[in-house]
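See below for structure27.txt, which holds compact mmCIF, C-alpha atoms and all ligand atoms.
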```txt
# COMPACT_ATOMS: atom_id res chain seq x y z
CA MET A 1 83.87 72.78 107.78
CA SER A 2 87.35 71.56 108.74
CA THR A 3 89.75 74.12 110.02
CA ALA A 4 92.74 71.80 109.95
CA LEU A 5 93.07 71.52 106.18
CA ILE A 6 95.71 74.17 105.88
CA ASP A 7 98.09 75.67 108.35
CA LEU A 8 99.46 78.85 106.83
CA ALA A 9 102.44 78.74 109.15
CA SER A 10 103.39 75.13 108.26
CA SER A 11 106.49 74.48 106.23
CA GLU A 12 104.47 72.18 103.92
CA TYR A 13 102.26 75.12 102.93
CA ARG A 14 105.35 77.17 102.16
CA LEU A 15 107.48 74.55 100.44
CA SER A 16 105.11 72.14 98.69
CA PRO A 17 101.57 73.47 98.70
CA TRP A 18 100.34 71.87 95.44
CA ASP A 19 98.21 69.08 96.98
CA ILE A 20 96.76 71.49 99.50
CA TYR A 21 95.87 73.84 96.65
CA ARG A 22 94.10 71.00 94.79
CA ARG A 23 92.00 70.19 97.84
CA LEU A 24 91.17 73.83 98.40
CA ARG A 25 90.01 74.31 94.78
CA ASP A 26 88.01 71.06 94.65
CA GLU A 27 86.59 70.80 98.16
CA HIS A 28 86.61 74.31 99.66
CA PRO A 29 86.45 77.03 96.99
CA VAL A 30 85.86 79.48 99.85
CA TYR A 31 87.83 78.17 102.81
CA TYR A 32 87.02 79.83 106.09
CA MET A 33 89.75 79.91 108.73
CA PRO A 34 88.59 81.40 112.02
CA GLU A 35 91.50 83.37 113.52
CA GLY A 36 93.58 82.06 110.61
CA SER A 37 95.78 85.12 110.06
CA TRP A 38 99.07 85.69 111.89
CA ASP A 39 97.50 88.23 114.20
CA GLY A 40 94.40 86.16 114.84
CA GLU A 41 91.94 87.64 112.34
CA ASP A 42 89.45 85.41 110.49
CA LEU A 43 90.62 84.56 107.00
CA TYR A 44 88.83 83.45 103.82
CA VAL A 45 90.90 81.60 101.23
CA LEU A 46 90.14 81.82 97.48
CA SER A 47 91.97 79.39 95.21
CA ARG A 48 90.03 78.85 91.95
CA TYR A 49 91.19 80.77 88.87
CA GLU A 50 87.86 82.49 88.37
CA ASP A 51 87.53 83.58 92.01
CA VAL A 52 91.13 84.78 92.22
CA GLY A 53 90.55 86.85 89.05
CA PHE A 54 87.37 88.28 90.62
CA ALA A 55 89.19 89.29 93.81
CA LEU A 56 92.03 90.92 91.88
CA LYS A 57 89.95 92.79 89.33
CA ASP A 58 86.77 93.90 91.12
CA LYS A 59 87.86 96.91 93.14
CA THR A 60 84.28 97.75 94.14
CA GLN A 61 84.19 94.59 96.23
CA PHE A 62 87.84 94.03 97.19
CA SER A 63 90.21 96.59 98.69
CA SER A 64 94.02 96.56 98.84
CA LYS A 65 94.09 98.50 102.12
CA ILE A 66 95.01 95.64 104.40
CA GLN A 67 96.34 97.39 107.48
CA GLN A 68 94.63 100.67 108.16
CA ASP A 69 96.34 101.75 111.38
CA ASN A 70 99.65 99.93 111.41
CA TYR A 71 102.77 102.02 111.87
CA MET A 72 104.26 100.31 108.83
CA ASN A 73 101.32 101.50 106.72
CA LEU A 74 103.60 103.34 104.28
CA PRO A 75 102.51 105.24 101.16
CA MET A 76 103.15 102.37 98.76
CA LEU A 77 101.19 101.44 95.67
CA VAL A 78 100.43 97.95 96.78
CA ASN A 79 98.40 98.89 99.87
CA ARG A 80 96.37 101.75 98.39
CA ASP A 81 93.02 102.05 96.58
CA ALA A 82 91.80 104.65 94.06
CA PRO A 83 92.01 107.62 93.90
CA GLU A 84 95.30 107.61 95.87
CA HIS A 85 96.52 104.51 94.04
CA THR A 86 95.79 106.07 90.63
CA ARG A 87 97.84 109.15 91.54
CA LEU A 88 100.78 107.16 92.92
CA ARG A 89 100.76 104.76 90.00
CA HIS A 90 101.01 107.47 87.32
CA SER A 91 104.78 108.03 87.47
CA THR A 92 105.39 104.29 87.84
CA ASN A 93 103.54 103.51 84.64
CA ARG A 94 105.65 106.07 82.77
CA ALA A 95 108.98 104.79 84.11
CA PHE A 96 108.21 101.12 83.52
CA ASN A 97 106.40 101.22 80.19
CA ALA A 98 107.35 98.40 77.85
CA ARG A 99 108.96 100.66 75.22
CA LEU A 100 111.32 102.27 77.74
CA VAL A 101 112.12 98.92 79.26
CA ARG A 102 113.07 97.50 75.83
CA GLN A 103 115.59 100.33 75.46
CA LEU A 104 117.41 98.95 78.49
CA SER A 105 118.16 95.62 76.82
CA GLY A 106 121.76 96.46 75.79
CA TRP A 107 122.63 97.70 79.28
CA VAL A 108 121.02 94.64 80.89
CA ARG A 109 123.00 92.33 78.58
CA THR A 110 126.22 94.08 79.66
CA LEU A 111 125.36 93.54 83.34
CA VAL A 112 124.49 89.88 82.67
CA ASP A 113 127.81 89.34 80.86
CA GLU A 114 129.73 91.00 83.72
CA LEU A 115 128.08 88.73 86.30
CA LEU A 116 128.65 85.68 84.10
CA ALA A 117 132.35 86.59 83.83
CA GLU A 118 132.47 86.83 87.65
CA LEU A 119 130.95 83.33 87.93
CA TYR A 120 133.66 81.91 85.67
CA ARG A 121 136.27 83.00 88.22
CA HIS A 122 135.01 80.33 90.68
CA ASP A 123 135.03 76.52 90.75
CA SER A 124 131.95 76.52 92.89
CA VAL A 125 129.55 79.37 93.58
CA GLU A 126 126.34 80.10 95.46
CA PHE A 127 124.19 81.21 92.54
CA VAL A 128 121.34 82.94 94.40
CA ASP A 129 123.73 85.39 95.99
CA ALA A 130 126.19 85.70 93.11
CA TYR A 131 123.67 86.05 90.29
CA SER A 132 119.93 85.91 90.90
CA THR A 133 119.96 88.53 93.66
CA ALA A 134 122.75 90.59 92.14
CA LEU A 135 121.20 91.16 88.71
CA PRO A 136 117.81 92.64 89.72
CA LEU A 137 119.47 94.71 92.46
CA ARG A 138 121.94 96.20 89.99
CA VAL A 139 119.26 96.85 87.37
CA VAL A 140 116.64 98.41 89.67
CA GLY A 141 119.39 100.21 91.62
CA GLY A 142 120.73 101.60 88.34
CA MET A 143 117.24 102.74 87.28
CA LEU A 144 117.03 104.60 90.57
CA GLY A 145 120.40 106.25 89.97
CA VAL A 146 122.27 104.35 92.72
CA PRO A 147 125.90 104.01 91.58
CA LEU A 148 127.40 100.53 91.42
CA ASP A 149 129.96 101.31 94.13
CA ARG A 150 127.06 101.47 96.60
CA LYS A 151 125.96 97.91 95.76
CA ALA A 152 126.84 96.55 99.22
CA ASP A 153 124.74 99.31 100.82
CA LEU A 154 121.91 98.61 98.39
CA ARG A 155 121.86 94.98 99.43
CA ARG A 156 121.77 95.92 103.12
CA TRP A 157 119.02 98.49 102.51
CA SER A 158 116.92 96.11 100.46
CA GLN A 159 117.24 93.50 103.23
CA ALA A 160 116.05 96.15 105.68
CA VAL A 161 113.00 96.84 103.51
CA MET A 162 112.20 93.12 103.39
CA ASN A 163 112.61 92.95 107.17
CA SER A 164 110.22 95.85 107.58
CA PHE A 165 107.56 93.89 105.65
CA ALA A 166 108.21 90.85 107.86
CA VAL A 167 107.85 93.01 110.98
CA SER A 168 104.57 94.45 109.71
CA ALA A 169 103.42 90.83 109.16
CA GLY A 170 104.17 89.97 112.80
CA LEU A 171 107.93 89.25 113.07
CA ASP A 172 109.45 90.35 116.38
CA PRO A 173 111.49 93.52 115.51
CA ASP A 174 114.21 92.40 117.97
CA ARG A 175 115.04 89.54 115.60
CA VAL A 176 116.11 92.02 112.90
CA PRO A 177 117.98 94.69 114.84
CA GLY A 178 118.98 97.81 112.97
CA PHE A 179 116.46 97.45 110.14
CA PHE A 180 114.71 100.70 110.97
CA GLU A 181 117.98 102.69 111.05
CA ASP A 182 118.93 101.17 107.69
CA ILE A 183 115.62 102.24 106.18
CA VAL A 184 116.07 105.79 107.46
CA GLU A 185 119.60 105.81 105.97
CA PHE A 186 118.26 104.51 102.64
CA SER A 187 115.46 107.11 102.64
CA ASN A 188 117.94 109.92 103.32
CA TYR A 189 120.21 108.66 100.57
CA MET A 190 117.33 108.50 98.07
CA GLU A 191 116.35 112.02 99.04
CA GLU A 192 119.93 113.20 98.37
CA LEU A 193 119.91 111.53 94.95
CA ALA A 194 116.54 113.10 94.17
CA HIS A 195 117.83 116.49 95.29
CA GLU A 196 120.79 116.26 92.88
CA ARG A 197 118.37 115.60 90.01
CA ARG A 198 116.13 118.58 90.65
CA GLY A 199 116.00 121.09 87.81
CA LYS A 200 117.95 118.73 85.52
CA PRO A 201 116.39 117.10 82.40
CA ASN A 202 114.42 113.93 83.14
CA ARG A 203 116.43 110.92 81.89
CA GLY A 204 113.23 108.88 81.79
CA ASP A 205 114.44 106.47 84.48
CA ILE A 206 112.45 105.71 87.63
CA LEU A 207 114.13 108.39 89.71
CA GLY A 208 113.61 111.00 86.98
CA GLU A 209 109.88 110.26 86.83
CA LEU A 210 109.53 110.37 90.63
CA VAL A 211 111.43 113.67 90.90
CA GLU A 212 109.30 115.21 88.14
CA GLU A 213 106.09 114.15 89.90
CA HIS A 214 107.43 115.48 93.21
CA GLU A 215 108.36 118.83 91.67
CA SER A 216 104.92 119.15 90.09
CA GLY A 217 103.37 118.59 93.53
CA ALA A 218 101.82 115.22 92.61
CA LEU A 219 104.00 113.28 95.09
CA THR A 220 105.05 114.29 98.60
CA ARG A 221 108.66 113.83 99.74
CA ASP A 222 107.73 110.75 101.76
CA GLU A 223 105.80 109.24 98.88
CA MET A 224 108.70 109.81 96.48
CA VAL A 225 111.23 108.19 98.82
CA THR A 226 109.00 105.29 99.86
CA MET A 227 108.09 104.52 96.27
CA ALA A 228 111.78 104.46 95.33
CA TRP A 229 112.72 101.88 97.91
CA SER A 230 109.58 99.83 97.46
CA PHE A 231 110.70 99.20 93.86
CA ILE A 232 113.94 97.72 95.16
CA ALA A 233 112.04 95.37 97.45
CA ALA A 234 109.22 94.46 95.05
CA GLY A 235 111.60 94.03 92.15
CA HIS A 236 114.50 92.01 93.45
CA GLU A 237 112.91 89.42 95.71
CA THR A 238 110.46 88.24 93.06
CA THR A 239 112.75 88.40 90.05
CA MET A 240 115.51 86.50 91.87
CA ASN A 241 113.09 83.59 92.30
CA LEU A 242 112.41 83.52 88.57
CA LEU A 243 116.10 83.73 87.60
CA GLY A 244 117.46 81.23 90.14
CA GLY A 245 114.60 78.76 89.77
CA GLY A 246 114.69 78.97 85.97
CA ILE A 247 118.41 78.19 85.84
CA GLU A 248 117.99 75.37 88.36
CA LEU A 249 115.29 73.78 86.21
CA LEU A 250 117.48 74.04 83.10
CA LEU A 251 120.42 72.46 84.93
CA ARG A 252 118.19 69.58 86.04
CA ASP A 253 116.37 69.10 82.71
CA ARG A 254 119.02 69.09 79.98
CA ASP A 255 116.47 68.02 77.31
CA LEU A 256 114.39 71.09 78.02
CA ALA A 257 117.58 73.19 77.88
CA ALA A 258 118.48 71.64 74.49
CA GLU A 259 114.99 72.37 73.15
CA LEU A 260 115.26 76.02 74.23
CA ARG A 261 118.81 76.36 72.90
CA ALA A 262 117.66 75.06 69.52
CA ASP A 263 114.68 77.40 69.32
CA PRO A 264 114.99 80.78 71.06
CA SER A 265 111.43 81.64 70.01
CA LYS A 266 110.35 79.30 72.85
CA HIS A 267 112.12 81.31 75.56
CA ALA A 268 109.14 83.60 76.19
CA ALA A 269 106.78 80.64 76.70
CA PHE A 270 109.30 79.03 79.06
CA ILE A 271 109.34 82.16 81.22
CA GLU A 272 105.52 82.29 81.39
CA GLU A 273 105.21 78.58 82.16
CA TYR A 274 107.91 78.82 84.82
CA LEU A 275 106.05 81.72 86.44
CA ARG A 276 102.71 79.92 86.23
CA LEU A 277 104.03 76.76 87.87
CA ASN A 278 106.33 78.40 90.45
CA SER A 279 104.77 81.83 91.02
CA PRO A 280 107.31 83.84 93.06
CA THR A 281 104.38 85.56 94.80
CA GLN A 282 102.19 82.64 95.86
CA TRP A 283 99.45 84.69 97.46
CA LEU A 284 98.22 88.22 98.12
CA LEU A 285 95.84 89.73 100.64
CA ARG A 286 92.68 91.72 100.05
CA ARG A 287 89.84 93.01 102.22
CA THR A 288 86.19 92.78 101.21
CA ALA A 289 84.72 96.26 100.69
CA THR A 290 81.15 94.92 100.94
CA GLU A 291 79.47 91.77 102.20
CA LEU A 292 79.35 89.17 99.44
CA THR A 293 78.28 85.58 98.89
CA LEU A 294 80.49 83.21 96.95
CA HIS A 295 79.96 79.44 96.56
CA ASP A 296 77.18 79.63 99.19
CA THR A 297 79.48 81.23 101.78
CA THR A 298 78.68 84.73 102.99
CA ILE A 299 81.82 86.79 103.58
CA PRO A 300 81.29 89.89 105.75
CA ALA A 301 82.46 93.36 104.73
CA GLY A 302 86.01 94.14 105.93
CA ALA A 303 87.07 90.46 106.00
CA LEU A 304 90.64 89.46 105.20
CA ILE A 305 90.93 87.42 101.98
CA HIS A 306 93.89 85.15 101.22
CA VAL A 307 94.05 85.20 97.41
CA VAL A 308 96.15 82.26 96.24
CA LEU A 309 97.70 83.08 92.87
CA GLY A 310 99.74 79.86 92.97
CA ALA A 311 96.56 77.75 93.24
CA ALA A 312 94.73 79.66 90.48
CA ASN A 313 97.73 79.15 88.20
CA ARG A 314 97.37 75.37 88.49
CA ASP A 315 93.58 75.26 88.23
CA PRO A 316 92.52 72.59 85.68
CA ARG A 317 89.35 74.65 85.08
CA GLN A 318 91.64 77.12 83.28
CA PHE A 319 94.78 75.19 82.26
CA ASP A 320 94.79 71.66 80.76
CA ASN A 321 97.28 69.34 82.52
CA PRO A 322 98.05 72.22 84.87
CA ASP A 323 101.03 70.60 86.61
CA GLU A 324 102.94 70.15 83.34
CA LEU A 325 105.28 72.66 81.77
CA ASP A 326 103.88 73.02 78.24
CA LEU A 327 105.64 75.45 75.91
CA SER A 328 102.81 75.31 73.36
CA ARG A 329 100.00 76.05 75.79
CA PRO A 330 97.51 78.30 73.93
CA ASN A 331 96.77 80.45 77.01
CA VAL A 332 100.38 80.62 78.19
CA ASN A 333 100.07 84.32 79.16
CA ARG A 334 96.85 83.97 81.15
CA HIS A 335 98.46 83.21 84.52
CA PHE A 336 98.21 85.49 87.55
CA ALA A 337 101.87 85.44 88.60
CA PHE A 338 101.98 89.23 88.08
CA GLY A 339 98.50 89.76 89.56
CA ALA A 340 95.70 91.37 87.51
CA GLY A 341 93.62 94.54 87.34
CA VAL A 342 94.84 97.97 88.46
CA HIS A 343 97.59 96.57 90.72
CA PHE A 344 99.02 94.41 87.90
CA CYS A 345 102.78 94.34 88.41
CA PRO A 346 104.38 97.39 86.76
CA GLY A 347 107.71 95.52 86.74
CA ALA A 348 106.44 92.64 84.57
CA ALA A 349 108.13 93.83 81.35
CA LEU A 350 111.38 94.49 83.23
CA SER A 351 111.52 91.11 84.92
CA ARG A 352 110.68 89.37 81.62
CA LEU A 353 113.59 91.27 80.05
CA LEU A 354 115.94 90.16 82.85
CA ALA A 355 114.81 86.55 82.47
CA GLU A 356 115.05 86.55 78.66
CA THR A 357 118.53 88.07 78.79
CA THR A 358 119.64 85.61 81.47
CA PHE A 359 118.40 82.51 79.65
CA ALA A 360 119.75 83.72 76.28
CA ALA A 361 123.18 84.24 77.87
CA PHE A 362 123.29 80.99 79.90
CA LEU A 363 121.78 78.48 77.46
CA PRO A 364 124.76 78.41 75.05
CA VAL A 365 127.22 77.92 77.95
CA LEU A 366 125.06 75.81 80.25
CA ASP A 367 127.42 72.83 80.08
CA ARG A 368 129.95 74.90 82.03
CA PHE A 369 127.61 74.70 85.05
CA SER A 370 126.16 71.83 87.07
CA LEU A 371 124.26 71.52 90.33
CA ASP A 372 126.38 70.58 93.33
CA ALA A 373 124.91 67.20 94.41
CA GLU A 374 126.54 67.50 97.82
CA ARG A 375 124.87 70.82 98.55
CA PRO A 376 121.32 70.50 97.17
CA ALA A 377 119.36 73.65 96.37
CA ARG A 378 117.11 74.87 99.17
CA LEU A 379 113.78 76.68 99.02
CA ARG A 380 113.10 79.86 100.96
CA GLU A 381 111.07 79.49 104.13
CA GLN A 382 109.49 82.92 103.82
CA GLN A 383 105.69 83.18 103.83
CA GLY A 384 104.12 83.77 100.44
CA SER A 385 107.38 83.94 98.52
CA TYR A 386 108.31 80.86 96.49
CA GLY A 387 111.86 80.38 95.26
CA LEU A 388 115.35 79.25 96.08
CA SER A 389 117.24 80.58 99.07
CA GLN A 390 120.41 78.75 98.10
CA MET A 391 121.78 76.93 95.05
CA TRP A 392 125.42 75.83 94.90
CA VAL A 393 126.68 75.43 91.36
CA LYS A 394 129.93 73.94 90.08
CA VAL A 395 131.68 75.92 87.38
CA HIS A 396 133.70 73.90 84.84
CA PRO A 397 136.58 75.03 82.64
CA ARG A 398 135.64 75.75 79.05
CA ALA A 399 137.10 72.58 77.52
CA GLU A 400 135.69 70.15 80.05
CA GLN A 401 132.23 68.63 79.61
CA ALA A 402 130.10 68.98 82.72
CA LEU A 403 127.48 66.49 81.62
C1 LIG B 501 109.11 87.79 88.46
C2 LIG B 501 109.06 89.00 88.94
C3 LIG B 501 107.86 89.64 89.60
C4 LIG B 501 106.71 89.07 90.08
C5 LIG B 501 106.30 87.60 90.07
C6 LIG B 501 105.90 90.15 90.61
C7 LIG B 501 104.64 89.97 91.17
C8 LIG B 501 103.78 91.01 91.49
C9 LIG B 501 102.39 90.87 91.86
C10 LIG B 501 101.65 89.54 91.99
C11 LIG B 501 101.89 92.10 92.08
C12 LIG B 501 100.43 92.46 92.44
C13 LIG B 501 100.27 92.88 93.88
C14 LIG B 501 98.80 93.11 94.23
O1 LIG B 501 97.92 93.02 93.39
O2 LIG B 501 98.54 93.35 95.44
C15 LIG B 501 102.97 93.04 91.88
C16 LIG B 501 102.87 94.40 92.07
C17 LIG B 501 103.95 95.23 92.05
N1 LIG B 501 105.22 94.95 91.55
FE1 LIG B 501 105.86 93.18 90.91
N2 LIG B 501 106.59 91.33 90.47
C18 LIG B 501 107.78 91.07 89.84
C19 LIG B 501 108.74 92.00 89.49
C20 LIG B 501 108.70 93.33 89.79
C21 LIG B 501 109.72 94.31 89.47
C22 LIG B 501 111.01 94.00 88.68
C23 LIG B 501 109.31 95.50 89.99
C24 LIG B 501 109.97 96.85 89.99
C25 LIG B 501 111.21 97.12 89.81
C26 LIG B 501 108.03 95.28 90.63
C27 LIG B 501 107.30 96.24 91.28
C28 LIG B 501 105.98 96.08 91.67
C29 LIG B 501 105.19 97.15 92.27
C30 LIG B 501 105.66 98.58 92.56
C31 LIG B 501 103.91 96.62 92.50
C32 LIG B 501 102.70 97.32 93.10
C33 LIG B 501 101.80 97.78 91.98
C34 LIG B 501 100.47 98.33 92.45
O3 LIG B 501 100.04 98.00 93.55
O4 LIG B 501 99.87 99.09 91.67
N3 LIG B 501 107.69 93.96 90.48
N4 LIG B 501 104.11 92.35 91.51
```

Is it possible to express this structure as structure tokens?
Amino acid sequence: MSTALIDLASSEYRLSPWDIYRRLRDEHPVYYMPEGSWDGEDLYVLSRYEDVGFALKDKTQFSSKIQQDNYMNLPMLVNRDAPEHTRLRHSTNRAFNARLVRQLSGWVRTLVDELLAELYRHDSVEFVDAYSTALPLRVVGGMLGVPLDRKADLRRWSQAVMNSFAVSAGLDPDRVPGFFEDIVEFSNYMEELAHERRGKPNRGDILGELVEEHESGALTRDEMVTMAWSFIAAGHETTMNLLGGGIELLLRDRDLAAELRADPSKHAAFIEEYLRLNSPTQWLLRRTATELTLHDTTIPAGALIHVVLGAANRDPRQFDNPDELDLSRPNVNRHFAFGAGVHFCPGAALSRLLAETTFAAFLPVLDRFSLDAERPARLREQQGSYGLSQMWVKVHPRAEQAL
């Protein structure tokens, strides 16, 4: 078995992995990489739709506890198994349920309109910073009770949280000085906010649910605070890739934009197809709980599994013409961009709302924006996260045609 097929650290694997995914699915459905992980552990790669679904859904055979003894092993949902995961997930499910999220639509539209008005004040603007990062940060920050005048702090804190994940994945902490102090500051601030809420009626937002669970003894102080800031990290990095990438595609493909403008009932399918083709989270990690044999390969218990959502989402065994964006695809919702099983993304309804509101607001005024040909959009270099790091956009006066 070749070990040179994929190099997880290569920029090709991060920026244009589609051909590698095809070879993995067709030639190596279980791809063994001795010492393939960043810290030299053996790695097994799963890429077919059916196998990815198996790894995500079968919790008797696959665990989410990746790092048992790491100092960054924080009490977060994503790296826990039942029964701890079930307990931690309870308040999250209440705060993010689809009915409550729908009630936020008016507020989200106001935030979108405010950001759009800010864009109009420029001739040229870096969209990822000015819009696709700003919207999810303001929305999730607002749901956590962080006032808008702390938005600069929120950005710094959320960057610190992302840096902490990078450090736990092997980045030298000296390259991100101050991240730990920022996290402590963020944690203290969240604790202050939670303290102010105690004894007051639950507003039904994320902070309210967390405080209620803490007061009932279901969550410790550390769990409450860590959960709060993990929402900021999990929510903004992924959603910004959907918002920025979606707008970039519409600016490049004006026919697609015209089709969506003419028929808003197609917006939901566009969001799902965008997520399927450009999954913001390209892969996840799991550990085998037991020894198992898959496609004639025996994987030992405790092995690290690289579960490639992005490859499963383009598997022709599941999706016809998988590399094409098809708004009438019958199984348009069957992708794994939000994961599957008990860890299925609790923020899915919220990020769909942010995307729907964004596209509904931008499509009618899209001709006021165009991509800056001199400063082409750039993809992020970060492992496992697929999306734009930078997209310069020209903003045109109302009367002028940008096309
Ligand atoms: C386009 C946007 C998003 C994408 C593609 C996405 C993707 C994912 C994926 C793939 C998982 C599964 C992780 C696993 O199984 O190990 C997940 C879990 C999670 N997501 Fe999202 N997410 C998005 C938006 C959000 C938002 C807006 C929030 C919150 C504000 C959020 C919070 C979480 C949390 C807390 C988990 C852990 C759930 C658990 O382990 O039980 N996500 N997300």

Next item on the list: Work out how far apart atom CA of Arg329 of chain A and atom CA of Gly235 of chain A are and give it in Å to one decimal.
Entry: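 These atoms are spaced 26.9 Å apart.
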
Checklist line | Among the residues A:Arg221, A:His343, A:Ala194, A:Gly178, the one that comes closest to Arg80 of chain A [using all atoms listed in the file] | finding: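 The answer is A:His343, which sits nearest to Arg80 of chain A.
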
Protein and nucleic residues near ligand LIG 501 (chain B), 6 Å, only C-alpha atoms and all ligand atoms, as a JSON list (two decimals) with C-alpha atoms, in the frame of the given file:
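Generated file (result_25.json):
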```
[["chain", "number", "residue", "atom", "x", "y", "z"],
["A", 77, "LEU", "CA", 101.19, 101.44, 95.67],
["A", 78, "VAL", "CA", 100.43, 97.95, 96.78],
["A", 89, "ARG", "CA", 100.76, 104.76, 90.00],
["A", 140, "VAL", "CA", 116.64, 98.41, 89.67],
["A", 231, "PHE", "CA", 110.70, 99.20, 93.86],
["A", 234, "ALA", "CA", 109.22, 94.46, 95.05],
["A", 235, "GLY", "CA", 111.60, 94.03, 92.15],
["A", 238, "THR", "CA", 110.46, 88.24, 93.06],
["A", 239, "THR", "CA", 112.75, 88.40, 90.05],
["A", 242, "LEU", "CA", 112.41, 83.52, 88.57],
["A", 280, "PRO", "CA", 107.31, 83.84, 93.06],
["A", 281, "THR", "CA", 104.38, 85.56, 94.80],
["A", 284, "LEU", "CA", 98.22, 88.22, 98.12],
["A", 337, "ALA", "CA", 101.87, 85.44, 88.60],
["A", 338, "PHE", "CA", 101.98, 89.23, 88.08],
["A", 339, "GLY", "CA", 98.50, 89.76, 89.56],
["A", 343, "HIS", "CA", 97.59, 96.57, 90.72],
["A", 344, "PHE", "CA", 99.02, 94.41, 87.90],
["A", 345, "CYS", "CA", 102.78, 94.34, 88.41],
["A", 346, "PRO", "CA", 104.38, 97.39, 86.76],
["A", 347, "GLY", "CA", 107.71, 95.52, 86.74],
["A", 348, "ALA", "CA", 106.44, 92.64, 84.57],
["A", 350, "LEU", "CA", 111.38, 94.49, 83.23],
["A", 351, "SER", "CA", 111.52, 91.11, 84.92]]
```

Note to self: Please determine, counting all atoms listed in the file, which residue among A:Ser16, A:Asn202, A:Ser389, A:Gln61 has the shortest atom-to-atom distance to Ala301 of chain A.
What the structure shows: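 Smallest distance to Ala301 of chain A is found for A:Gln61.
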
Notebook entry, point to check: With all atoms listed in the file as the atoms that count, which of A:Ser10, A:Thr92, A:Ser265, A:Ser168 lies nearest to Leu327 of chain A?
Noted result: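 That would be A:Ser265, the residue with the smallest distance to Leu327 of chain A.
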
Can you tell me, as a tab-separated table (two decimals) with C-alpha atoms, in the frame of the given file, which residues sit within 10 Å of (115.6, 97.2, 101.6) in the file's frame, using all atoms listed in the file?
```
chain	number	residue	atom	x	y	z
A	153	ASP	CA	124.74	99.31	100.82
A	154	LEU	CA	121.91	98.61	98.39
A	155	ARG	CA	121.86	94.98	99.43
A	156	ARG	CA	121.77	95.92	103.12
A	157	TRP	CA	119.02	98.49	102.51
A	158	SER	CA	116.92	96.11	100.46
A	159	GLN	CA	117.24	93.50	103.23
A	160	ALA	CA	116.05	96.15	105.68
A	161	VAL	CA	113.00	96.84	103.51
A	162	MET	CA	112.20	93.12	103.39
A	163	ASN	CA	112.61	92.95	107.17
A	164	SER	CA	110.22	95.85	107.58
A	165	PHE	CA	107.56	93.89	105.65
A	179	PHE	CA	116.46	97.45	110.14
A	182	ASP	CA	118.93	101.17	107.69
A	183	ILE	CA	115.62	102.24	106.18
A	186	PHE	CA	118.26	104.51	102.64
A	187	SER	CA	115.46	107.11	102.64
A	229	TRP	CA	112.72	101.88	97.91
A	230	SER	CA	109.58	99.83	97.46
A	231	PHE	CA	110.70	99.20	93.86
A	232	ILE	CA	113.94	97.72	95.16
A	233	ALA	CA	112.04	95.37	97.45
A	234	ALA	CA	109.22	94.46	95.05
A	236	HIS	CA	114.50	92.01	93.45
```

Notebook entry, point to check: What lies within 10 Å of Lys59 of chain A using all atoms listed in the file, ignoring chain neighbours under 3 positions off, as a list in words?
Noted result: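 In the requested form, the answer reads Phe54, Ala55, Leu56, Phe62, Ser63, Ser64, Asp81, Ala82, Arg286, Thr288, Ala289, Gly341 and Val342 of chain A.
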
Margin query: List as a PyMOL selection string the protein and nucleic acid residues near segment 28-37 of chain A, meaning an atom at most 10 Å away when only C-alpha atoms are counted, but skip any in the same chain fewer than 4 places from it.
Written below: chain A and resi 1-9+21-24+41-48+51+169+293-299+304-306

Segment 82-148 of chain A residues near segment 361-379 of chain A within 10 Å, closest pair each, using all atoms listed in the file, as CSV:
```
residue,atom,partner,partner_atom,distance
A:Arg109,CA,A:Ala361,CA,8.1
A:Val112,CA,A:Ala361,CA,7.5
A:Asp113,CA,A:Ala361,CA,7.5
A:Leu116,CA,A:Phe362,CA,8.3
A:Leu119,CA,A:Phe369,CA,9.7
A:Tyr120,CA,A:Arg368,CA,8.7
A:Asp123,CA,A:Phe369,CA,9.5
A:Ser124,CA,A:Asp372,CA,8.2
A:Val125,CA,A:Asp372,CA,9.3
A:Glu126,CA,A:Ala377,CA,9.5
A:Phe127,CA,A:Ala377,CA,9.8
A:Val128,CA,A:Ala377,CA,9.7
```

Notebook entry, point to check: Looking at all atoms listed in the file, which of A:Leu88, A:Gln67, A:Asp315, A:Pro75 is the one that sits closest to Thr226 of chain A?
Noted result: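 Of A:Leu88, A:Gln67, A:Asp315, A:Pro75, the one nearest Thr226 of chain A, counting all atoms listed in the file, is A:Pro75.
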
Notebook entry, point to check: Rounded to one decimal in Å, what is the spacing between atom CA of Leu104 of chain A and atom CA of Asn79 of chain A?
Noted result: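 Atom-to-atom, atom CA of Leu104 of chain A and atom CA of Asn79 of chain A are spaced 28.6 Å apart.
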
Check: For Ala355 of chain A, which residue among A:Arg317, A:Leu135, A:Pro330, A:Leu100 is the nearest when counting only C-alpha atoms?
Finding: A:Leu135

Item checked: Nearest-residue call for Val211 of chain A, choices A:Asn241, A:Ser91, A:Gln282, A:Gln318, using only C-alpha atoms -> A:Ser91

Check: To one decimal place, how far is atom CA of Asn313 of chain A from atom CA of Thr86 of chain A in Å?
Finding: 27.1 Å

Please return, as a tab-separated table (two decimals) with C-alpha atoms, in the frame of the given file, all polymer residues that have at least one atom within 8 Å of the point (119.5, 87.8, 89.1); use all atoms listed in the file and the file's own coordinate frame.
```
chain	number	residue	atom	x	y	z
A	128	VAL	CA	121.34	82.94	94.40
A	131	TYR	CA	123.67	86.05	90.29
A	132	SER	CA	119.93	85.91	90.90
A	133	THR	CA	119.96	88.53	93.66
A	134	ALA	CA	122.75	90.59	92.14
A	135	LEU	CA	121.20	91.16	88.71
A	136	PRO	CA	117.81	92.64	89.72
A	137	LEU	CA	119.47	94.71	92.46
A	236	HIS	CA	114.50	92.01	93.45
A	239	THR	CA	112.75	88.40	90.05
A	240	MET	CA	115.51	86.50	91.87
A	243	LEU	CA	116.10	83.73	87.60
A	244	GLY	CA	117.46	81.23	90.14
A	354	LEU	CA	115.94	90.16	82.85
A	358	THR	CA	119.64	85.61	81.47
```
